[in-house]
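File shown here: final-v8.cif, holding mmCIF, N, CA and C atoms.
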data_final
loop_
_atom_site.label_atom_id
_atom_site.label_comp_id
_atom_site.auth_asym_id
_atom_site.auth_seq_id
_atom_site.Cartn_x
_atom_site.Cartn_y
_atom_site.Cartn_z
N MET R 4 0.81 -1.20 0.00
CA MET R 4 0.00 0.00 0.00
C MET R 4 0.86 1.26 0.00
N PHE R 5 1.99 1.21 0.76
CA PHE R 5 2.83 2.39 0.92
C PHE R 5 4.17 1.96 1.49
N VAL R 6 5.24 2.70 1.16
CA VAL R 6 6.58 2.31 1.64
C VAL R 6 7.21 3.46 2.41
N HIS R 7 7.63 3.16 3.63
CA HIS R 7 8.33 4.13 4.49
C HIS R 7 9.83 3.91 4.45
N CYS R 8 10.57 4.98 4.39
CA CYS R 8 11.99 4.97 4.70
C CYS R 8 12.06 5.64 6.07
N CYS R 9 12.22 4.82 7.11
CA CYS R 9 12.15 5.33 8.48
C CYS R 9 13.54 5.53 9.07
N HIS R 10 13.75 6.74 9.58
CA HIS R 10 15.04 7.11 10.17
C HIS R 10 14.98 7.20 11.69
N CYS R 11 13.93 6.65 12.30
CA CYS R 11 13.81 6.78 13.77
C CYS R 11 14.91 6.00 14.48
N ASN R 12 15.20 6.43 15.70
CA ASN R 12 16.26 5.78 16.48
C ASN R 12 15.97 4.31 16.73
N GLU R 13 14.70 3.96 16.94
CA GLU R 13 14.36 2.56 17.21
C GLU R 13 14.63 1.69 16.00
N CYS R 14 14.27 2.14 14.82
CA CYS R 14 14.57 1.36 13.60
C CYS R 14 16.07 1.24 13.40
N GLN R 15 16.81 2.29 13.70
CA GLN R 15 18.27 2.22 13.58
C GLN R 15 18.83 1.15 14.52
N ARG R 16 18.33 1.13 15.77
CA ARG R 16 18.80 0.14 16.74
C ARG R 16 18.45 -1.28 16.30
N GLN R 17 17.20 -1.46 15.89
CA GLN R 17 16.72 -2.80 15.54
C GLN R 17 17.42 -3.39 14.32
N THR R 18 17.78 -2.54 13.36
CA THR R 18 18.36 -3.04 12.12
C THR R 18 19.88 -2.94 12.08
N GLY R 19 20.43 -2.12 12.95
CA GLY R 19 21.87 -1.89 12.89
C GLY R 19 22.26 -1.09 11.66
N ALA R 20 21.30 -0.37 11.11
CA ALA R 20 21.54 0.42 9.90
C ALA R 20 21.06 1.86 10.14
N ALA R 21 21.28 2.72 9.18
CA ALA R 21 20.91 4.13 9.32
C ALA R 21 19.41 4.35 9.16
N TYR R 22 18.71 3.45 8.52
CA TYR R 22 17.28 3.54 8.31
C TYR R 22 16.76 2.18 7.88
N VAL R 23 15.44 2.06 7.83
CA VAL R 23 14.82 0.82 7.35
C VAL R 23 13.77 1.17 6.31
N LEU R 24 13.62 0.30 5.32
CA LEU R 24 12.54 0.44 4.34
C LEU R 24 11.48 -0.59 4.68
N ASN R 25 10.27 -0.11 4.97
CA ASN R 25 9.15 -0.98 5.30
C ASN R 25 8.03 -0.78 4.30
N ALA R 26 7.62 -1.87 3.66
CA ALA R 26 6.46 -1.84 2.77
C ALA R 26 5.25 -2.23 3.60
N ILE R 27 4.28 -1.34 3.70
CA ILE R 27 3.09 -1.58 4.51
C ILE R 27 2.05 -2.29 3.64
N ILE R 28 1.60 -3.45 4.13
CA ILE R 28 0.64 -4.26 3.38
C ILE R 28 -0.30 -4.95 4.36
N GLU R 29 -1.48 -5.27 3.90
CA GLU R 29 -2.45 -5.95 4.73
C GLU R 29 -1.87 -7.28 5.21
N ALA R 30 -2.11 -7.61 6.49
CA ALA R 30 -1.57 -8.84 7.08
C ALA R 30 -2.00 -10.07 6.30
N ASP R 31 -3.23 -10.11 5.84
CA ASP R 31 -3.71 -11.32 5.16
C ASP R 31 -3.17 -11.48 3.74
N ARG R 32 -2.43 -10.48 3.25
CA ARG R 32 -1.82 -10.58 1.92
C ARG R 32 -0.35 -10.99 1.98
N VAL R 33 0.22 -11.04 3.19
CA VAL R 33 1.63 -11.38 3.34
C VAL R 33 1.77 -12.89 3.36
N LYS R 34 2.53 -13.41 2.42
CA LYS R 34 2.78 -14.85 2.32
C LYS R 34 4.27 -15.10 2.49
N PHE R 35 4.60 -16.10 3.30
CA PHE R 35 6.00 -16.44 3.51
C PHE R 35 6.10 -17.93 3.79
N GLU R 36 7.29 -18.45 3.58
CA GLU R 36 7.54 -19.87 3.81
C GLU R 36 8.61 -20.04 4.86
N GLY R 37 8.53 -21.13 5.58
CA GLY R 37 9.56 -21.45 6.55
C GLY R 37 9.19 -21.06 7.96
N PRO R 38 9.91 -21.61 8.91
CA PRO R 38 9.60 -21.35 10.32
C PRO R 38 10.04 -19.94 10.75
N THR R 39 9.26 -19.36 11.65
CA THR R 39 9.55 -18.01 12.15
C THR R 39 9.49 -18.00 13.68
N THR R 40 10.01 -16.93 14.23
CA THR R 40 9.87 -16.65 15.65
C THR R 40 9.32 -15.25 15.79
N GLU R 41 8.67 -14.96 16.89
CA GLU R 41 8.13 -13.63 17.13
C GLU R 41 8.75 -13.05 18.38
N HIS R 42 9.05 -11.76 18.31
CA HIS R 42 9.67 -11.05 19.42
C HIS R 42 8.88 -9.77 19.66
N GLU R 43 8.34 -9.61 20.86
CA GLU R 43 7.57 -8.42 21.18
C GLU R 43 8.47 -7.35 21.77
N LEU R 44 8.31 -6.13 21.26
CA LEU R 44 9.10 -4.98 21.72
C LEU R 44 8.16 -3.83 22.05
N PRO R 45 8.58 -2.98 22.99
CA PRO R 45 7.75 -1.80 23.31
C PRO R 45 7.84 -0.76 22.19
N THR R 46 6.83 0.10 22.15
CA THR R 46 6.80 1.21 21.20
C THR R 46 6.36 2.48 21.93
N PRO R 47 6.61 3.65 21.36
CA PRO R 47 6.19 4.90 22.00
C PRO R 47 4.68 4.95 22.28
N SER R 48 3.87 4.24 21.47
CA SER R 48 2.42 4.25 21.68
C SER R 48 2.02 3.48 22.93
N GLY R 49 2.91 2.61 23.41
CA GLY R 49 2.59 1.76 24.54
C GLY R 49 1.90 0.47 24.14
N LYS R 50 1.56 0.34 22.86
CA LYS R 50 0.85 -0.85 22.37
C LYS R 50 1.82 -1.97 21.99
N GLY R 51 3.05 -1.64 21.66
CA GLY R 51 4.05 -2.64 21.30
C GLY R 51 4.03 -3.03 19.84
N GLN R 52 5.06 -3.76 19.47
CA GLN R 52 5.14 -4.31 18.13
C GLN R 52 5.67 -5.74 18.23
N ILE R 53 5.32 -6.53 17.26
CA ILE R 53 5.82 -7.89 17.19
C ILE R 53 6.68 -7.97 15.94
N ILE R 54 7.94 -8.34 16.12
CA ILE R 54 8.84 -8.53 14.99
C ILE R 54 8.89 -10.02 14.68
N THR R 55 8.58 -10.35 13.45
CA THR R 55 8.63 -11.73 12.99
C THR R 55 9.95 -11.94 12.28
N ARG R 56 10.69 -12.96 12.74
CA ARG R 56 12.01 -13.26 12.20
C ARG R 56 12.05 -14.66 11.62
N CYS R 57 12.93 -14.87 10.66
CA CYS R 57 13.20 -16.22 10.17
C CYS R 57 13.85 -17.00 11.32
N ARG R 58 13.29 -18.14 11.65
CA ARG R 58 13.84 -18.91 12.75
C ARG R 58 15.25 -19.40 12.45
N ASP R 59 15.55 -19.69 11.19
CA ASP R 59 16.85 -20.27 10.84
C ASP R 59 17.98 -19.24 10.81
N CYS R 60 17.73 -18.06 10.21
CA CYS R 60 18.82 -17.08 10.09
C CYS R 60 18.66 -15.88 11.01
N GLY R 61 17.48 -15.67 11.55
CA GLY R 61 17.25 -14.59 12.49
C GLY R 61 16.91 -13.24 11.88
N VAL R 62 16.91 -13.13 10.56
CA VAL R 62 16.62 -11.84 9.94
C VAL R 62 15.17 -11.44 10.22
N ALA R 63 14.95 -10.15 10.49
CA ALA R 63 13.59 -9.63 10.67
C ALA R 63 12.92 -9.57 9.30
N VAL R 64 11.77 -10.21 9.19
CA VAL R 64 11.03 -10.25 7.93
C VAL R 64 9.96 -9.16 7.89
N PHE R 65 9.24 -9.01 9.00
CA PHE R 65 8.24 -7.94 9.09
C PHE R 65 7.91 -7.65 10.54
N SER R 66 7.26 -6.50 10.73
CA SER R 66 6.77 -6.09 12.04
C SER R 66 5.27 -5.92 11.96
N SER R 67 4.63 -6.09 13.10
CA SER R 67 3.20 -5.81 13.24
C SER R 67 3.06 -4.88 14.43
N TYR R 68 2.59 -3.67 14.18
CA TYR R 68 2.40 -2.71 15.26
C TYR R 68 1.00 -2.89 15.85
N MET R 69 0.94 -3.12 17.14
CA MET R 69 -0.33 -3.44 17.76
C MET R 69 -1.26 -2.24 17.84
N ILE R 70 -0.75 -1.03 17.65
CA ILE R 70 -1.63 0.13 17.56
C ILE R 70 -2.53 -0.01 16.34
N ARG R 71 -2.11 -0.78 15.36
CA ARG R 71 -2.91 -1.08 14.17
C ARG R 71 -3.56 -2.46 14.29
N LEU R 72 -3.61 -2.97 15.51
CA LEU R 72 -4.29 -4.23 15.84
C LEU R 72 -3.71 -5.43 15.11
N GLY R 73 -2.48 -5.32 14.65
CA GLY R 73 -1.85 -6.44 13.95
C GLY R 73 -2.42 -6.71 12.57
N LYS R 74 -3.22 -5.78 12.06
CA LYS R 74 -3.88 -5.98 10.77
C LYS R 74 -3.01 -5.58 9.58
N LEU R 75 -1.87 -4.96 9.87
CA LEU R 75 -0.92 -4.56 8.83
C LEU R 75 0.42 -5.21 9.10
N ARG R 76 1.17 -5.46 8.05
CA ARG R 76 2.54 -5.93 8.18
C ARG R 76 3.44 -4.86 7.58
N TYR R 77 4.53 -4.58 8.28
CA TYR R 77 5.55 -3.65 7.81
C TYR R 77 6.71 -4.53 7.35
N VAL R 78 6.66 -4.90 6.08
CA VAL R 78 7.59 -5.87 5.51
C VAL R 78 8.92 -5.19 5.18
N ARG R 79 10.01 -5.78 5.67
CA ARG R 79 11.35 -5.27 5.38
C ARG R 79 11.63 -5.47 3.89
N VAL R 80 11.72 -4.37 3.18
CA VAL R 80 11.86 -4.41 1.72
C VAL R 80 13.07 -5.24 1.29
N GLY R 81 14.16 -5.17 2.03
CA GLY R 81 15.36 -5.92 1.67
C GLY R 81 15.19 -7.43 1.71
N THR R 82 14.11 -7.92 2.33
CA THR R 82 13.87 -9.38 2.37
C THR R 82 13.07 -9.88 1.19
N LEU R 83 12.56 -8.97 0.37
CA LEU R 83 11.74 -9.36 -0.77
C LEU R 83 12.58 -9.91 -1.91
N ASP R 84 11.96 -10.74 -2.74
CA ASP R 84 12.66 -11.28 -3.91
C ASP R 84 13.04 -10.18 -4.90
N GLU R 85 12.19 -9.14 -4.98
CA GLU R 85 12.45 -8.03 -5.91
C GLU R 85 12.30 -6.70 -5.18
N PRO R 86 13.27 -6.35 -4.32
CA PRO R 86 13.14 -5.12 -3.54
C PRO R 86 13.11 -3.85 -4.37
N ASP R 87 13.63 -3.89 -5.60
CA ASP R 87 13.60 -2.71 -6.46
C ASP R 87 12.17 -2.27 -6.79
N HIS R 88 11.20 -3.16 -6.60
CA HIS R 88 9.80 -2.85 -6.89
C HIS R 88 9.15 -2.04 -5.78
N CYS R 89 9.88 -1.76 -4.70
CA CYS R 89 9.31 -1.05 -3.55
C CYS R 89 10.16 0.14 -3.13
N PRO R 90 10.29 1.14 -4.00
CA PRO R 90 11.02 2.35 -3.57
C PRO R 90 10.21 3.10 -2.52
N PRO R 91 10.85 3.89 -1.69
CA PRO R 91 10.11 4.60 -0.64
C PRO R 91 9.17 5.67 -1.20
N ASP R 92 8.01 5.77 -0.55
CA ASP R 92 7.04 6.82 -0.86
C ASP R 92 7.28 8.05 -0.01
N VAL R 93 7.82 7.85 1.21
CA VAL R 93 8.10 8.95 2.12
C VAL R 93 9.35 8.63 2.93
N GLN R 94 9.94 9.69 3.47
CA GLN R 94 11.05 9.57 4.41
C GLN R 94 10.54 10.16 5.73
N VAL R 95 10.51 9.33 6.80
CA VAL R 95 9.92 9.76 8.06
C VAL R 95 10.94 9.77 9.20
N PHE R 96 10.62 10.54 10.23
CA PHE R 96 11.47 10.71 11.41
C PHE R 96 12.88 11.15 11.03
N THR R 97 12.91 12.09 10.10
CA THR R 97 14.21 12.55 9.60
C THR R 97 14.96 13.41 10.61
N THR R 98 14.31 13.87 11.69
CA THR R 98 15.03 14.63 12.72
C THR R 98 16.06 13.75 13.42
N SER R 99 15.88 12.44 13.37
CA SER R 99 16.83 11.53 14.03
C SER R 99 17.69 10.78 13.01
N LYS R 100 17.68 11.22 11.76
CA LYS R 100 18.51 10.53 10.76
C LYS R 100 20.00 10.75 11.06
N GLN R 101 20.81 9.87 10.58
CA GLN R 101 22.25 10.03 10.70
C GLN R 101 22.68 11.23 9.85
N ALA R 102 23.56 12.04 10.37
CA ALA R 102 23.97 13.28 9.71
C ALA R 102 24.55 13.05 8.31
N TRP R 103 25.16 11.89 8.10
CA TRP R 103 25.80 11.63 6.81
C TRP R 103 24.85 11.04 5.76
N VAL R 104 23.58 10.81 6.13
CA VAL R 104 22.61 10.25 5.19
C VAL R 104 21.95 11.39 4.42
N PRO R 105 22.12 11.42 3.10
CA PRO R 105 21.45 12.46 2.31
C PRO R 105 19.98 12.08 2.11
N LEU R 106 19.11 13.07 2.06
CA LEU R 106 17.70 12.83 1.79
C LEU R 106 17.40 13.21 0.35
N SER R 107 16.63 12.37 -0.31
CA SER R 107 16.23 12.65 -1.68
C SER R 107 15.13 13.69 -1.69
N LYS R 108 15.34 14.76 -2.42
CA LYS R 108 14.32 15.81 -2.54
C LYS R 108 13.12 15.32 -3.37
N ASP R 109 13.29 14.19 -4.06
CA ASP R 109 12.21 13.63 -4.89
C ASP R 109 11.22 12.79 -4.07
N ILE R 110 11.55 12.52 -2.81
CA ILE R 110 10.70 11.71 -1.94
C ILE R 110 10.28 12.60 -0.78
N PRO R 111 8.96 12.72 -0.52
CA PRO R 111 8.52 13.60 0.57
C PRO R 111 9.25 13.32 1.88
N ILE R 112 9.61 14.40 2.56
CA ILE R 112 10.39 14.35 3.80
C ILE R 112 9.53 14.84 4.96
N PHE R 113 9.51 14.05 6.04
CA PHE R 113 8.78 14.43 7.25
C PHE R 113 9.71 14.34 8.44
N GLU R 114 9.80 15.43 9.19
CA GLU R 114 10.68 15.44 10.36
C GLU R 114 10.23 14.40 11.38
N GLU R 115 8.94 14.20 11.51
CA GLU R 115 8.40 13.18 12.40
C GLU R 115 7.53 12.25 11.56
N PHE R 116 6.21 12.29 11.75
CA PHE R 116 5.31 11.45 10.97
C PHE R 116 4.40 12.35 10.16
N TYR R 117 3.30 11.85 9.68
CA TYR R 117 2.40 12.59 8.81
C TYR R 117 0.98 12.07 9.04
N LYS R 118 0.01 12.70 8.40
CA LYS R 118 -1.37 12.24 8.45
C LYS R 118 -1.63 11.40 7.20
N PHE R 119 -2.07 10.16 7.41
CA PHE R 119 -2.29 9.23 6.30
C PHE R 119 -3.14 9.87 5.20
N ASP R 120 -4.25 10.50 5.58
CA ASP R 120 -5.17 11.01 4.57
C ASP R 120 -4.62 12.21 3.79
N GLU R 121 -3.51 12.77 4.25
CA GLU R 121 -2.90 13.88 3.52
C GLU R 121 -1.77 13.43 2.59
N VAL R 122 -1.35 12.17 2.72
CA VAL R 122 -0.17 11.72 2.00
C VAL R 122 -0.44 10.50 1.11
N TRP R 123 -1.19 9.55 1.63
CA TRP R 123 -1.40 8.31 0.88
C TRP R 123 -2.33 8.53 -0.32
N PRO R 124 -2.09 7.80 -1.43
CA PRO R 124 -3.01 7.85 -2.56
C PRO R 124 -4.37 7.26 -2.13
N GLN R 125 -5.42 7.68 -2.78
CA GLN R 125 -6.77 7.24 -2.40
C GLN R 125 -6.91 5.72 -2.45
N ALA R 126 -6.36 5.07 -3.44
CA ALA R 126 -6.47 3.60 -3.53
C ALA R 126 -5.85 2.94 -2.31
N SER R 127 -4.73 3.47 -1.84
CA SER R 127 -4.08 2.91 -0.65
C SER R 127 -4.89 3.21 0.60
N LEU R 128 -5.48 4.40 0.67
CA LEU R 128 -6.35 4.74 1.81
C LEU R 128 -7.56 3.81 1.86
N ASP R 129 -8.10 3.49 0.71
CA ASP R 129 -9.24 2.57 0.66
C ASP R 129 -8.85 1.19 1.19
N ARG R 130 -7.69 0.72 0.77
CA ARG R 130 -7.20 -0.57 1.27
C ARG R 130 -6.95 -0.52 2.77
N LEU R 131 -6.38 0.58 3.26
CA LEU R 131 -6.12 0.74 4.69
C LEU R 131 -7.42 0.70 5.47
N GLU R 132 -8.42 1.43 5.00
CA GLU R 132 -9.72 1.45 5.69
C GLU R 132 -10.31 0.04 5.76
N THR R 133 -10.25 -0.69 4.67
CA THR R 133 -10.78 -2.06 4.64
C THR R 133 -10.01 -2.95 5.60
N ALA R 134 -8.69 -2.82 5.61
CA ALA R 134 -7.85 -3.66 6.48
C ALA R 134 -8.13 -3.41 7.95
N LEU R 135 -8.37 -2.15 8.31
CA LEU R 135 -8.56 -1.80 9.70
C LEU R 135 -10.00 -1.94 10.18
N ALA R 136 -10.92 -2.21 9.24
CA ALA R 136 -12.35 -2.34 9.60
C ALA R 136 -12.59 -3.56 10.47
#
Please, can you express the file's structure as structure tokens?
Amino acid sequence: MFVHCCHCNECQRQTGAAYVLNAIIEADRVKFEGPTTEHELPTPSGKGQIITRCRDCGVAVFSSYMIRLGKLRYVRVGTLDEPDHCPPDVQVFTTSKQAWVPLSKDIPIFEEFYKFDEVWPQASLDRLETALA
């Protein structure tokens, strides 16, 4: 539905990288093979998130933020077979980005977060509404 390039401190800690690319998609559309493990972590909302990892290699495959009732998956773009098909739609939490990371002026930049209905395309908003219903 939408792809975030997130520069928040928590994503930096969790990935060991300067940012993470997450493709947001309905939970029931995410298909994967192989055994996984789940790890619950706190979030600023207080609702928490569950990170699903490959049991064999430990890589984080996706997160589910419980503020969204687990109805969405934030899929790590780098784990996809064709990650080039998921360029970022926005750059978020840029106030905490690493100083040496340049921001693309071609991708909307948000110092913190944004309002979904002001940024997402209507088709994606429709899918979001259905997923959260």
message = Applying the PyMOL selection byres ((chain R and resi 135) around 8) to the file I just gave you, which residues come out? Please list them as a PyMOL selection string.
response = chain R and resi 29+71-72+74-75+129-134+136
Write the selection just made, keeping N, CA and C atoms, as a PDB file, in the frame of the given file?
ATOM      1  N   GLU R  29      -1.480  -5.270   3.900  1.00  0.00           N
ATOM      2  CA  GLU R  29      -2.450  -5.950   4.730  1.00  0.00           C
ATOM      3  C   GLU R  29      -1.870  -7.280   5.210  1.00  0.00           C
ATOM      4  N   ARG R  71      -2.110  -0.780  15.360  1.00  0.00           N
ATOM      5  CA  ARG R  71      -2.910  -1.080  14.170  1.00  0.00           C
ATOM      6  C   ARG R  71      -3.560  -2.460  14.290  1.00  0.00           C
ATOM      7  N   LEU R  72      -3.610  -2.970  15.510  1.00  0.00           N
ATOM      8  CA  LEU R  72      -4.290  -4.230  15.840  1.00  0.00           C
ATOM      9  C   LEU R  72      -3.710  -5.430  15.110  1.00  0.00           C
ATOM     10  N   LYS R  74      -3.220  -5.780  12.060  1.00  0.00           N
ATOM     11  CA  LYS R  74      -3.880  -5.980  10.770  1.00  0.00           C
ATOM     12  C   LYS R  74      -3.010  -5.580   9.580  1.00  0.00           C
ATOM     13  N   LEU R  75      -1.870  -4.960   9.870  1.00  0.00           N
ATOM     14  CA  LEU R  75      -0.920  -4.560   8.830  1.00  0.00           C
ATOM     15  C   LEU R  75       0.420  -5.210   9.100  1.00  0.00           C
ATOM     16  N   ASP R 129      -8.100   3.490   0.710  1.00  0.00           N
ATOM     17  CA  ASP R 129      -9.240   2.570   0.660  1.00  0.00           C
ATOM     18  C   ASP R 129      -8.850   1.190   1.190  1.00  0.00           C
ATOM     19  N   ARG R 130      -7.690   0.720   0.770  1.00  0.00           N
ATOM     20  CA  ARG R 130      -7.200  -0.570   1.270  1.00  0.00           C
ATOM     21  C   ARG R 130      -6.950  -0.520   2.770  1.00  0.00           C
ATOM     22  N   LEU R 131      -6.380   0.580   3.260  1.00  0.00           N
ATOM     23  CA  LEU R 131      -6.120   0.740   4.690  1.00  0.00           C
ATOM     24  C   LEU R 131      -7.420   0.700   5.470  1.00  0.00           C
ATOM     25  N   GLU R 132      -8.420   1.430   5.000  1.00  0.00           N
ATOM     26  CA  GLU R 132      -9.720   1.450   5.690  1.00  0.00           C
ATOM     27  C   GLU R 132     -10.310   0.040   5.760  1.00  0.00           C
ATOM     28  N   THR R 133     -10.250  -0.690   4.670  1.00  0.00           N
ATOM     29  CA  THR R 133     -10.780  -2.060   4.640  1.00  0.00           C
ATOM     30  C   THR R 133     -10.010  -2.950   5.600  1.00  0.00           C
ATOM     31  N   ALA R 134      -8.690  -2.820   5.610  1.00  0.00           N
ATOM     32  CA  ALA R 134      -7.850  -3.660   6.480  1.00  0.00           C
ATOM     33  C   ALA R 134      -8.130  -3.410   7.950  1.00  0.00           C
ATOM     34  N   ALA R 136     -10.920  -2.210   9.240  1.00  0.00           N
ATOM     35  CA  ALA R 136     -12.350  -2.340   9.600  1.00  0.00           C
ATOM     36  C   ALA R 136     -12.590  -3.560  10.470  1.00  0.00           C
TER      37      ALA R 136
END
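Candidate residues R:Ser127, R:Ser107, R:Lys100, R:Cys57 were compared for distance to Glu36 (chain R), and the nearest is R:Cys57, using all atoms listed in the file.
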message = I'd like the neighbourhood of region 15-27 of chain R as a PyMOL selection string, where a residue qualifies if any of its atoms comes within 10 Å (using only C-alpha atoms), though same-chain residues fewer than 6 positions away should be ignored.
response = chain R and resi 4-9+33+54+62-67+75-81+83+86+89-97+99-104+127+131
Include N, CA and C atoms and write out the residues we just selected as a tab-separated table (two decimals), in the coordinates of the input.
chain	number	residue	atom	x	y	z
R	4	MET	N	0.81	-1.20	0.00
R	4	MET	CA	0.00	0.00	0.00
R	4	MET	C	0.86	1.26	0.00
R	5	PHE	N	1.99	1.21	0.76
R	5	PHE	CA	2.83	2.39	0.92
R	5	PHE	C	4.17	1.96	1.49
R	6	VAL	N	5.24	2.70	1.16
R	6	VAL	CA	6.58	2.31	1.64
R	6	VAL	C	7.21	3.46	2.41
R	7	HIS	N	7.63	3.16	3.63
R	7	HIS	CA	8.33	4.13	4.49
R	7	HIS	C	9.83	3.91	4.45
R	8	CYS	N	10.57	4.98	4.39
R	8	CYS	CA	11.99	4.97	4.70
R	8	CYS	C	12.06	5.64	6.07
R	9	CYS	N	12.22	4.82	7.11
R	9	CYS	CA	12.15	5.33	8.48
R	9	CYS	C	13.54	5.53	9.07
R	33	VAL	N	0.22	-11.04	3.19
R	33	VAL	CA	1.63	-11.38	3.34
R	33	VAL	C	1.77	-12.89	3.36
R	54	ILE	N	7.94	-8.34	16.12
R	54	ILE	CA	8.84	-8.53	14.99
R	54	ILE	C	8.89	-10.02	14.68
R	62	VAL	N	16.91	-13.13	10.56
R	62	VAL	CA	16.62	-11.84	9.94
R	62	VAL	C	15.17	-11.44	10.22
R	63	ALA	N	14.95	-10.15	10.49
R	63	ALA	CA	13.59	-9.63	10.67
R	63	ALA	C	12.92	-9.57	9.30
R	64	VAL	N	11.77	-10.21	9.19
R	64	VAL	CA	11.03	-10.25	7.93
R	64	VAL	C	9.96	-9.16	7.89
R	65	PHE	N	9.24	-9.01	9.00
R	65	PHE	CA	8.24	-7.94	9.09
R	65	PHE	C	7.91	-7.65	10.54
R	66	SER	N	7.26	-6.50	10.73
R	66	SER	CA	6.77	-6.09	12.04
R	66	SER	C	5.27	-5.92	11.96
R	67	SER	N	4.63	-6.09	13.10
R	67	SER	CA	3.20	-5.81	13.24
R	67	SER	C	3.06	-4.88	14.43
R	75	LEU	N	-1.87	-4.96	9.87
R	75	LEU	CA	-0.92	-4.56	8.83
R	75	LEU	C	0.42	-5.21	9.10
R	76	ARG	N	1.17	-5.46	8.05
R	76	ARG	CA	2.54	-5.93	8.18
R	76	ARG	C	3.44	-4.86	7.58
R	77	TYR	N	4.53	-4.58	8.28
R	77	TYR	CA	5.55	-3.65	7.81
R	77	TYR	C	6.71	-4.53	7.35
R	78	VAL	N	6.66	-4.90	6.08
R	78	VAL	CA	7.59	-5.87	5.51
R	78	VAL	C	8.92	-5.19	5.18
R	79	ARG	N	10.01	-5.78	5.67
R	79	ARG	CA	11.35	-5.27	5.38
R	79	ARG	C	11.63	-5.47	3.89
R	80	VAL	N	11.72	-4.37	3.18
R	80	VAL	CA	11.86	-4.41	1.72
R	80	VAL	C	13.07	-5.24	1.29
R	81	GLY	N	14.16	-5.17	2.03
R	81	GLY	CA	15.36	-5.92	1.67
R	81	GLY	C	15.19	-7.43	1.71
R	83	LEU	N	12.56	-8.97	0.37
R	83	LEU	CA	11.74	-9.36	-0.77
R	83	LEU	C	12.58	-9.91	-1.91
R	86	PRO	N	13.27	-6.35	-4.32
R	86	PRO	CA	13.14	-5.12	-3.54
R	86	PRO	C	13.11	-3.85	-4.37
R	89	CYS	N	9.88	-1.76	-4.70
R	89	CYS	CA	9.31	-1.05	-3.55
R	89	CYS	C	10.16	0.14	-3.13
R	90	PRO	N	10.29	1.14	-4.00
R	90	PRO	CA	11.02	2.35	-3.57
R	90	PRO	C	10.21	3.10	-2.52
R	91	PRO	N	10.85	3.89	-1.69
R	91	PRO	CA	10.11	4.60	-0.64
R	91	PRO	C	9.17	5.67	-1.20
R	92	ASP	N	8.01	5.77	-0.55
R	92	ASP	CA	7.04	6.82	-0.86
R	92	ASP	C	7.28	8.05	-0.01
R	93	VAL	N	7.82	7.85	1.21
R	93	VAL	CA	8.10	8.95	2.12
R	93	VAL	C	9.35	8.63	2.93
R	94	GLN	N	9.94	9.69	3.47
R	94	GLN	CA	11.05	9.57	4.41
R	94	GLN	C	10.54	10.16	5.73
R	95	VAL	N	10.51	9.33	6.80
R	95	VAL	CA	9.92	9.76	8.06
R	95	VAL	C	10.94	9.77	9.20
R	96	PHE	N	10.62	10.54	10.23
R	96	PHE	CA	11.47	10.71	11.41
R	96	PHE	C	12.88	11.15	11.03
R	97	THR	N	12.91	12.09	10.10
R	97	THR	CA	14.21	12.55	9.60
R	97	THR	C	14.96	13.41	10.61
R	99	SER	N	15.88	12.44	13.37
R	99	SER	CA	16.83	11.53	14.03
R	99	SER	C	17.69	10.78	13.01
R	100	LYS	N	17.68	11.22	11.76
R	100	LYS	CA	18.51	10.53	10.76
R	100	LYS	C	20.00	10.75	11.06
R	101	GLN	N	20.81	9.87	10.58
R	101	GLN	CA	22.25	10.03	10.70
R	101	GLN	C	22.68	11.23	9.85
R	102	ALA	N	23.56	12.04	10.37
R	102	ALA	CA	23.97	13.28	9.71
R	102	ALA	C	24.55	13.05	8.31
R	103	TRP	N	25.16	11.89	8.10
R	103	TRP	CA	25.80	11.63	6.81
R	103	TRP	C	24.85	11.04	5.76
R	104	VAL	N	23.58	10.81	6.13
R	104	VAL	CA	22.61	10.25	5.19
R	104	VAL	C	21.95	11.39	4.42
R	127	SER	N	-4.73	3.47	-1.84
R	127	SER	CA	-4.08	2.91	-0.65
R	127	SER	C	-4.89	3.21	0.60
R	131	LEU	N	-6.38	0.58	3.26
R	131	LEU	CA	-6.12	0.74	4.69
R	131	LEU	C	-7.42	0.70	5.47
ask   = In Å, with one decimal, what is the gap from atom C of Lys108 (chain R) to atom C of Val122 (chain R)?
value = 15.1 Å
note = atom N of Gly61 (chain R) to CA of Gly37 (chain R) measures 11.0 Å
key: d(atom C of Phe116 (chain R), atom N of Asp87 (chain R)) in Å   =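 Interatomic distance here is 24.4 Å.
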task = Would you please work out which residue, of R:Pro105, R:Pro124, R:Ile110, R:Cys60, is nearest to Thr82 (chain R) when using only C-alpha atoms?
result = R:Cys60
task = Just the strand (DSSP E or B) stuff from chain R, please, per backbone DSSP, written as a VMD selection string.
result = chain R and resid 5 to 9 23 to 29 39 to 44 52 to 57 63 to 68 75 to 79 93 to 95 112
request  = Might you pull out every residue within 6 Å of Arg58 (chain R), with only C-alpha atoms counted and same-chain residues fewer than 4 positions away left off, and present them as a list of chain:residue names?
outcome  =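 The residues satisfying every condition are R:Pro38, R:Thr39, R:Thr40.
All residues of protein, DNA or RNA that reach within 8 Å of Ile70 (chain R), judged by only C-alpha atoms and not counting those fewer than 2 positions away in the chain, are Ser48, Lys50, Gly51, Tyr68, Leu72 and Gly73 of chain R.
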